[in-house]
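Participant: Below is query-v1.pdb; it holds PDB, C-alpha atoms and all ligand atoms.
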ATOM      1  CA  MET A 638       8.103-157.127  91.674
ATOM      2  CA  ILE A 639       6.293-155.706  94.678
ATOM      3  CA  MET A 640       7.820-152.306  94.000
ATOM      4  CA  LYS A 641       6.735-152.441  90.397
ATOM      5  CA  TYR A 642       3.193-153.314  91.458
ATOM      6  CA  ALA A 643       3.139-150.472  93.964
ATOM      7  CA  VAL A 644       4.289-147.987  91.340
ATOM      8  CA  LYS A 645       1.598-149.259  88.968
ATOM      9  CA  GLN A 646      -1.018-148.824  91.695
ATOM     10  CA  VAL A 647       0.080-145.258  92.414
ATOM     11  CA  LEU A 648       0.005-144.440  88.716
ATOM     12  CA  LEU A 649      -3.469-145.921  88.420
ATOM     13  CA  ILE A 650      -4.726-143.904  91.384
ATOM     14  CA  LEU A 651      -3.201-140.742  89.920
ATOM     15  CA  LEU A 652      -4.807-141.396  86.560
ATOM     16  CA  CYS A 653      -8.194-142.057  88.144
ATOM     17  CA  SER A 654      -8.148-138.931  90.272
ATOM     18  CA  THR A 655      -7.128-136.813  87.283
ATOM     19  CA  ALA A 656     -10.000-138.305  85.313
ATOM     20  CA  ALA A 657     -12.391-137.606  88.203
ATOM     21  CA  LEU A 658     -11.268-133.981  88.387
ATOM     22  CA  THR A 659     -11.714-133.553  84.641
ATOM     23  CA  LEU A 660     -15.170-135.075  84.862
ATOM     24  CA  ARG A 661     -16.149-132.747  87.681
ATOM     25  CA  ALA A 662     -14.940-129.706  85.747
ATOM     26  CA  GLN A 663     -17.090-130.741  82.790
ATOM     27  CA  ALA A 664     -20.209-131.732  84.734
ATOM     28  CA  THR A 665     -23.304-131.841  82.558
ATOM     29  CA  PHE A 666     -25.248-128.591  82.546
ATOM     30  CA  ARG A 667     -28.616-129.207  84.134
ATOM     31  CA  ILE A 668     -31.863-127.272  84.351
ATOM     32  CA  PHE A 669     -34.439-128.232  86.952
ATOM     33  CA  ASP A 670     -38.043-127.545  85.987
ATOM     34  CA  LYS A 671     -39.920-125.801  88.805
ATOM     35  CA  PRO A 672     -42.935-124.301  87.029
ATOM     36  CA  ILE A 673     -44.828-121.333  88.413
ATOM     37  CA  ILE A 674     -48.561-121.112  87.790
ATOM     38  CA  PHE A 675     -49.491-120.013  84.300
ATOM     39  CA  ASP A 676     -53.270-120.132  84.495
ATOM     40  CA  ALA A 677     -56.004-118.498  82.386
ATOM     41  CA  GLU A 678     -55.675-115.258  84.384
ATOM     42  CA  ARG A 679     -51.936-115.030  83.813
ATOM     43  CA  LYS A 680     -52.409-115.825  80.142
ATOM     44  CA  GLN A 681     -55.022-113.078  79.783
ATOM     45  CA  LEU A 682     -52.895-110.518  81.666
ATOM     46  CA  SER A 683     -49.865-111.447  79.531
ATOM     47  CA  LEU A 684     -51.828-110.982  76.296
ATOM     48  CA  GLU A 685     -53.075-107.617  77.597
ATOM     49  CA  TYR A 686     -49.518-106.584  78.492
ATOM     50  CA  LEU A 687     -48.283-107.563  75.033
ATOM     51  CA  GLU A 688     -51.006-105.461  73.420
ATOM     52  CA  LYS A 689     -51.153-102.423  75.735
ATOM     53  CA  ARG A 690     -47.489-102.021  76.596
ATOM     54  CA  HIS A 691     -45.642-103.555  73.637
ATOM     55  CA  GLY A 692     -48.322-102.811  71.006
ATOM     56  CA  LEU A 693     -48.388-106.468  69.923
ATOM     57  CA  LYS A 694     -51.708-108.206  69.387
ATOM     58  CA  GLN A 695     -51.108-111.939  69.829
ATOM     59  CA  ASN A 696     -53.265-115.011  70.375
ATOM     60  CA  GLU A 697     -50.665-116.789  72.475
ATOM     61  CA  PRO A 698     -48.480-115.290  75.239
ATOM     62  CA  THR A 699     -45.207-116.280  73.619
ATOM     63  CA  ILE A 700     -41.963-114.519  72.771
ATOM     64  CA  LYS A 701     -39.359-114.794  70.023
ATOM     65  CA  PRO A 702     -36.129-114.489  71.994
ATOM     66  CA  VAL A 703     -33.250-112.409  70.630
ATOM     67  CA  MET A 704     -32.021-111.216  74.021
ATOM     68  CA  VAL A 705     -31.209-112.488  77.510
ATOM     69  CA  VAL A 706     -31.632-110.071  80.432
ATOM     70  CA  LEU A 707     -29.839-110.908  83.677
ATOM     71  CA  HIS A 708     -31.206-109.834  87.050
ATOM     72  CA  TRP A 709     -30.782-110.252  90.764
ATOM     73  CA  THR A 710     -33.868-110.847  92.844
ATOM     74  CA  ALA A 711     -33.139-108.703  95.913
ATOM     75  CA  ILE A 712     -34.992-111.552  97.630
ATOM     76  CA  PRO A 713     -32.698-113.834  99.664
ATOM     77  CA  SER A 714     -34.044-117.309  98.796
ATOM     78  CA  ILE A 715     -35.381-119.501  95.995
ATOM     79  CA  GLU A 716     -38.439-120.415  98.053
ATOM     80  CA  VAL A 717     -39.568-116.840  98.727
ATOM     81  CA  THR A 718     -38.823-115.756  95.129
ATOM     82  CA  PHE A 719     -40.845-118.707  93.830
ATOM     83  CA  ASP A 720     -43.798-117.759  96.059
ATOM     84  CA  VAL A 721     -43.603-114.127  94.879
ATOM     85  CA  PHE A 722     -43.550-115.109  91.175
ATOM     86  CA  ASN A 723     -46.155-117.850  91.588
ATOM     87  CA  LYS A 724     -49.104-115.443  91.672
ATOM     88  CA  SER A 725     -50.663-114.172  88.438
ATOM     89  CA  LYS A 726     -51.383-110.684  89.776
ATOM     90  CA  LEU A 727     -48.965-108.154  91.247
ATOM     91  CA  PRO A 728     -49.116-107.744  95.019
ATOM     92  CA  GLY A 729     -50.351-104.342  96.235
ATOM     93  CA  ALA A 730     -46.844-103.271  97.303
ATOM     94  CA  ARG A 731     -45.551-102.827  93.718
ATOM     95  CA  LYS A 732     -47.378 -99.519  93.158
ATOM     96  CA  GLU A 733     -44.705 -98.005  90.869
ATOM     97  CA  ILE A 734     -45.373-100.636  88.200
ATOM     98  CA  ALA A 735     -48.974-101.625  89.043
ATOM     99  CA  THR A 736     -50.536 -98.795  87.040
ATOM    100  CA  ALA A 737     -48.854-100.136  83.878
ATOM    101  CA  SER A 738     -50.341-103.628  84.293
ATOM    102  CA  ALA A 739     -51.712-105.949  86.981
ATOM    103  CA  LEU A 740     -49.618-108.813  85.578
ATOM    104  CA  ASN A 741     -47.171-110.116  88.165
ATOM    105  CA  VAL A 742     -43.440-110.067  87.523
ATOM    106  CA  SER A 743     -41.597-113.314  86.812
ATOM    107  CA  SER A 744     -38.778-114.740  84.721
ATOM    108  CA  GLN A 745     -38.207-117.871  82.708
ATOM    109  CA  PHE A 746     -35.125-118.854  84.764
ATOM    110  CA  LEU A 747     -34.011-118.541  88.377
ATOM    111  CA  VAL A 748     -30.442-119.286  89.534
ATOM    112  CA  ASP A 749     -29.645-120.134  93.155
ATOM    113  CA  ARG A 750     -26.492-118.963  94.987
ATOM    114  CA  ASP A 751     -24.882-122.387  94.403
ATOM    115  CA  GLY A 752     -25.481-122.156  90.658
ATOM    116  CA  THR A 753     -28.497-124.472  90.467
ATOM    117  CA  VAL A 754     -30.652-123.424  87.520
ATOM    118  CA  PHE A 755     -34.447-123.629  87.755
ATOM    119  CA  ARG A 756     -36.802-123.124  84.815
ATOM    120  CA  LEU A 757     -39.974-121.410  86.034
ATOM    121  CA  LEU A 758     -41.625-121.055  82.630
ATOM    122  CA  PRO A 759     -40.951-122.592  79.210
ATOM    123  CA  ASP A 760     -38.209-120.540  77.483
ATOM    124  CA  THR A 761     -40.595-118.858  75.045
ATOM    125  CA  VAL A 762     -43.524-118.120  77.355
ATOM    126  CA  PHE A 763     -44.031-114.411  78.134
ATOM    127  CA  ALA A 764     -42.678-113.115  81.451
ATOM    128  CA  ARG A 765     -42.756-109.570  82.812
ATOM    129  CA  HIS A 766     -39.202-108.707  83.858
ATOM    130  CA  VAL A 767     -37.951-105.793  81.734
ATOM    131  CA  ILE A 768     -39.873-102.739  80.502
ATOM    132  CA  GLY A 769     -39.935-102.326  76.715
ATOM    133  CA  LEU A 770     -38.289-105.653  75.899
ATOM    134  CA  ASN A 771     -40.249-108.537  77.506
ATOM    135  CA  TYR A 772     -41.652-109.559  74.127
ATOM    136  CA  CYS A 773     -38.170-110.549  72.865
ATOM    137  CA  ALA A 774     -36.152-111.181  76.042
ATOM    138  CA  ILE A 775     -35.620-114.240  78.201
ATOM    139  CA  GLY A 776     -35.236-113.273  81.857
ATOM    140  CA  VAL A 777     -32.714-114.877  84.200
ATOM    141  CA  GLU A 778     -33.131-113.987  87.869
ATOM    142  CA  ASN A 779     -30.300-114.692  90.294
ATOM    143  CA  ILE A 780     -30.684-114.918  94.057
ATOM    144  CA  GLY A 781     -28.673-111.923  95.270
ATOM    145  CA  SER A 782     -28.683-108.177  95.850
ATOM    146  CA  GLU A 783     -26.486-105.096  96.187
ATOM    147  CA  LYS A 784     -25.402-106.381  99.625
ATOM    148  CA  ASN A 785     -25.079-109.999  98.459
ATOM    149  CA  PRO A 786     -23.330-109.812  95.083
ATOM    150  CA  LEU A 787     -23.722-112.795  92.791
ATOM    151  CA  THR A 788     -21.400-115.768  93.410
ATOM    152  CA  PRO A 789     -18.730-117.406  91.211
ATOM    153  CA  ALA A 790     -21.088-120.425  90.902
ATOM    154  CA  GLN A 791     -23.798-118.113  89.560
ATOM    155  CA  LEU A 792     -21.331-116.686  87.055
ATOM    156  CA  VAL A 793     -20.631-120.198  85.712
ATOM    157  CA  ALA A 794     -24.350-121.079  85.691
ATOM    158  CA  ASN A 795     -25.293-117.895  83.809
ATOM    159  CA  GLU A 796     -22.559-118.547  81.270
ATOM    160  CA  GLN A 797     -23.726-122.132  80.713
ATOM    161  CA  LEU A 798     -27.356-121.063  80.512
ATOM    162  CA  ILE A 799     -26.531-118.392  77.910
ATOM    163  CA  ARG A 800     -24.593-120.959  75.861
ATOM    164  CA  TYR A 801     -27.571-123.325  76.082
ATOM    165  CA  LEU A 802     -30.026-120.596  75.000
ATOM    166  CA  LYS A 803     -27.736-119.393  72.218
ATOM    167  CA  ARG A 804     -27.772-122.915  70.766
ATOM    168  CA  LYS A 805     -31.600-122.907  70.731
ATOM    169  CA  TYR A 806     -32.465-119.326  69.728
ATOM    170  CA  PRO A 807     -30.961-116.518  67.656
ATOM    171  CA  ILE A 808     -29.729-114.641  70.748
ATOM    172  CA  GLU A 809     -28.064-111.376  69.668
ATOM    173  CA  TYR A 810     -27.886-109.486  72.972
ATOM    174  CA  VAL A 811     -27.064-110.258  76.601
ATOM    175  CA  ILE A 812     -27.582-107.350  78.991
ATOM    176  CA  GLY A 813     -27.808-106.581  82.672
ATOM    177  CA  HIS A 814     -31.198-105.196  83.731
ATOM    178  CA  TYR A 815     -29.515-101.853  84.599
ATOM    179  CA  GLU A 816     -28.737-101.408  80.883
ATOM    180  CA  TYR A 817     -32.255-101.834  79.511
ATOM    181  CA  THR A 818     -33.024 -98.108  79.024
ATOM    182  CA  LEU A 819     -30.147 -97.924  76.499
ATOM    183  CA  PHE A 820     -32.500 -99.685  74.070
ATOM    184  CA  LYS A 821     -34.917 -96.727  74.044
ATOM    185  CA  HIS A 822     -34.857 -95.180  70.573
ATOM    186  CA  THR A 823     -33.730 -98.476  69.005
ATOM    187  CA  PRO A 824     -36.060-100.587  66.841
ATOM    188  CA  LEU A 825     -36.208-103.265  69.561
ATOM    189  CA  TRP A 826     -37.805-100.934  72.121
ATOM    190  CA  LYS A 827     -41.569-101.468  72.385
ATOM    191  CA  GLU A 828     -43.261 -99.515  75.173
ATOM    192  CA  THR A 829     -46.291 -97.378  74.432
ATOM    193  CA  ASP A 830     -45.725 -94.904  77.298
ATOM    194  CA  PRO A 831     -42.409 -93.029  76.945
ATOM    195  CA  ALA A 832     -42.633 -92.013  80.610
ATOM    196  CA  TYR A 833     -42.869 -95.599  81.928
ATOM    197  CA  SER A 834     -39.405 -96.299  83.315
ATOM    198  CA  THR A 835     -37.717 -97.553  86.464
ATOM    199  CA  HIS A 836     -34.130 -97.214  87.702
ATOM    200  CA  LYS A 837     -32.285-100.547  88.040
ATOM    201  CA  THR A 838     -28.843-101.600  89.280
ATOM    202  CA  ASP A 839     -29.121-105.390  88.926
ATOM    203  CA  PRO A 840     -27.243-107.684  88.476
ATOM    204  CA  GLY A 841     -24.256-105.399  89.176
ATOM    205  CA  ILE A 842     -21.663-103.898  86.812
ATOM    206  CA  ASP A 843     -18.879-106.219  88.036
ATOM    207  CA  PHE A 844     -20.924-109.327  87.372
ATOM    208  CA  MET A 845     -21.699-108.213  83.812
ATOM    209  CA  LYS A 846     -18.037-107.410  83.204
ATOM    210  CA  ARG A 847     -16.955-110.867  84.337
ATOM    211  CA  LEU A 848     -19.766-112.554  82.422
ATOM    212  CA  ARG A 849     -18.891-110.790  79.166
ATOM    213  CA  GLU A 850     -15.311-111.994  79.560
ATOM    214  CA  GLN A 851     -16.601-115.594  79.815
ATOM    215  CA  ILE A 852     -18.859-115.447  76.749
ATOM    216  CA  LYS A 853     -16.530-113.394  74.503
ATOM    217  CA  ASP A 854     -16.298-116.244  71.984
ATOM    218  CA  LEU A 855     -20.065-116.150  71.348
ATOM    219  CA  ASN A 856     -19.866-112.658  69.802
ATOM    220  CA  ILE A 857     -23.068-111.587  71.530
ATOM    221  CA  LYS A 858     -23.751-107.865  71.664
ATOM    222  CA  GLY A 859     -24.291-105.840  74.808
ATOM    223  CA  ALA A 860     -26.515-102.771  75.167
ATOM    224  CA  PRO A 861     -26.017-100.067  72.514
ATOM    225  CA  GLY A 862     -22.878 -98.060  73.267
ATOM    226  CA  HIS A 863     -21.853-100.427  76.087
ATOM    227  CA  ASN A 864     -20.266-103.344  74.286
TER     228      ASN A 864
HETATM  229 ZN    ZN B 901     -34.125-106.907  87.427
END
Hey, can you dump this file as structure tokens for me?

Facilitator:
Amino acid sequence: MIMKYAVKQVLLILLCSTAALTLRAQATFRIFDKPIIFDAERKQLSLEYLEKRHGLKQNEPTIKPVMVVLHWTAIPSIEVTFDVFNKSKLPGARKEIATASALNVSSQFLVDRDGTVFRLLPDTVFARHVIGLNYCAIGVENIGSEKNPLTPAQLVANEQLIRYLKRKYPIEYVIGHYEYTLFKHTPLWKETDPAYSTHKTDPGIDFMKRLREQIKDLNIKGAPGHN
């Protein structure tokens, strides 16, 4: 009798721990809202960017997303990145892009090293993060750099975020920032100055390779010629 009870107990414990593991593996995907300032100045600068750079005259600084562009911040923490993005105007140090517009850079999403996802702006509010494509691209910044490649937790978070966005919007493309110039000479490219370009390496070729493996089933396209 006692033996039987003990066996039952062990079985119960085993069942419970298996259930707990399964639950952990399927933890609910969460986004934490941590809004940056989007004041009248930022709105005005965004509308000007849309018109001058993308050639789009709009009344509201919104986008119609068909693409997700993944980045790394090259800034080591969420706090510092948030402070950098939280200003409407570019700081003086960004001279190479300041002549194109005074609008500060930002992104709709920011992912920490542990995979925590923060939403800095509503999904469809304009953010300056990729030349030629801001008007149709949601930006996802990841805390990391060349020296601090993105983590496995960030890989999972980016995958989940892309799945979430794909359910909400007609997302056709997911690209790494380093691939953005491949869209020049495609109908999606909207930049009035053909000479306005920067060289990018984020978020790393390896990360994009691994990410594409994870989202294969979504049939999302990569950059032209780099599928
Ligand atoms: Zn970038």

Participant: Using all atoms listed in the file, what are the residues with an atom within 8 Å of ligand ZN 901 (chain B), set out as a list of chain:residue names?

Facilitator: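 Checking all atoms listed in the file against ligand ZN 901 (chain B) at 8 Å gives A:Leu707, A:His708, A:Trp709, A:Thr710, A:His766, A:Val767, A:Glu778, A:Gly813, A:His814, A:Tyr815, A:Lys837, A:Thr838, A:Asp839, A:Pro840.
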
Participant: What is the atom CA of Ala832 of chain A to atom CA of Val762 of chain A distance in Å?

Facilitator: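 Atom CA of Ala832 of chain A sits 26.3 Å away from atom CA of Val762 of chain A.
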
Participant: Using all atoms listed in the file, give me every residue within 10 Å of (-26.2, -111.2, 93.3) in file coordinates, as a list in words.

Facilitator: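 Every polymer residue passing the test: His708, Trp709, Thr710, Ala711, Ile712, Pro713, Val748, Asp749, Arg750, Glu778, Asn779, Ile780, Gly781, Ser782, Glu783, Lys784, Asn785, Pro786, Leu787, Thr788, Pro789, Gln791, Leu792, Asp839, Pro840, Gly841 and Phe844 of chain A.
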
Participant: With all atoms listed in the file as the counted atoms, please give the residues lying no more than 12 Å from Lys671 of chain A, apart from itself and same-chain residues fewer than 4 positions off, as an NGL selection string.

Facilitator: :A and (715-716 or 718-720 or 722-723 or 744-748 or 753-759)

Participant: Go through A:Thr736, A:Thr823, A:Thr818, A:Asn856 one by one, measure the shortest atom-to-atom distance of each to Lys803 of chain A using only C-alpha atoms, and give the residue with the smallest value.

Facilitator: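 The closest residue to Lys803 of chain A is A:Asn856.
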
Participant: Tell me which of A:Ala764, A:Leu684, A:His822, A:Ile852 sits closest to Gln797 of chain A, counting only C-alpha atoms.

Facilitator: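 Using only C-alpha atoms, Gln797 of chain A sits closest to A:Ile852.
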
Participant: Hey, which of A:Ser738, A:Thr665, A:Thr699, A:Ser714 ends up closest to Tyr686 of chain A? Count only C-alpha atoms.

Facilitator: A:Ser738

Participant: Using Å and a single decimal, report how far atom CA of Phe666 of chain A sits from atom CA of Asp751 of chain A.

Facilitator: 13.4 Å

Participant: Counting only C-alpha atoms, which of A:Val811, A:Glu828, A:Val793, A:Glu697 gets nearest to Arg849 of chain A?

Facilitator: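 Closest to Arg849 of chain A of all the choices is A:Val811.
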
Participant: If I take atom CA of Ser743 of chain A and atom CA of Arg847 of chain A, how far is one from the other in Å, to one decimal?

Facilitator: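 A separation of 24.9 Å between them.
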
Participant: Using all atoms listed in the file, pick whichever of A:His836, A:Arg800, A:Arg731, A:Lys821 has the shortest atom-to-atom distance to Val705 of chain A.

Facilitator: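 Using all atoms listed in the file, the shortest distance to Val705 of chain A belongs to A:Arg800.
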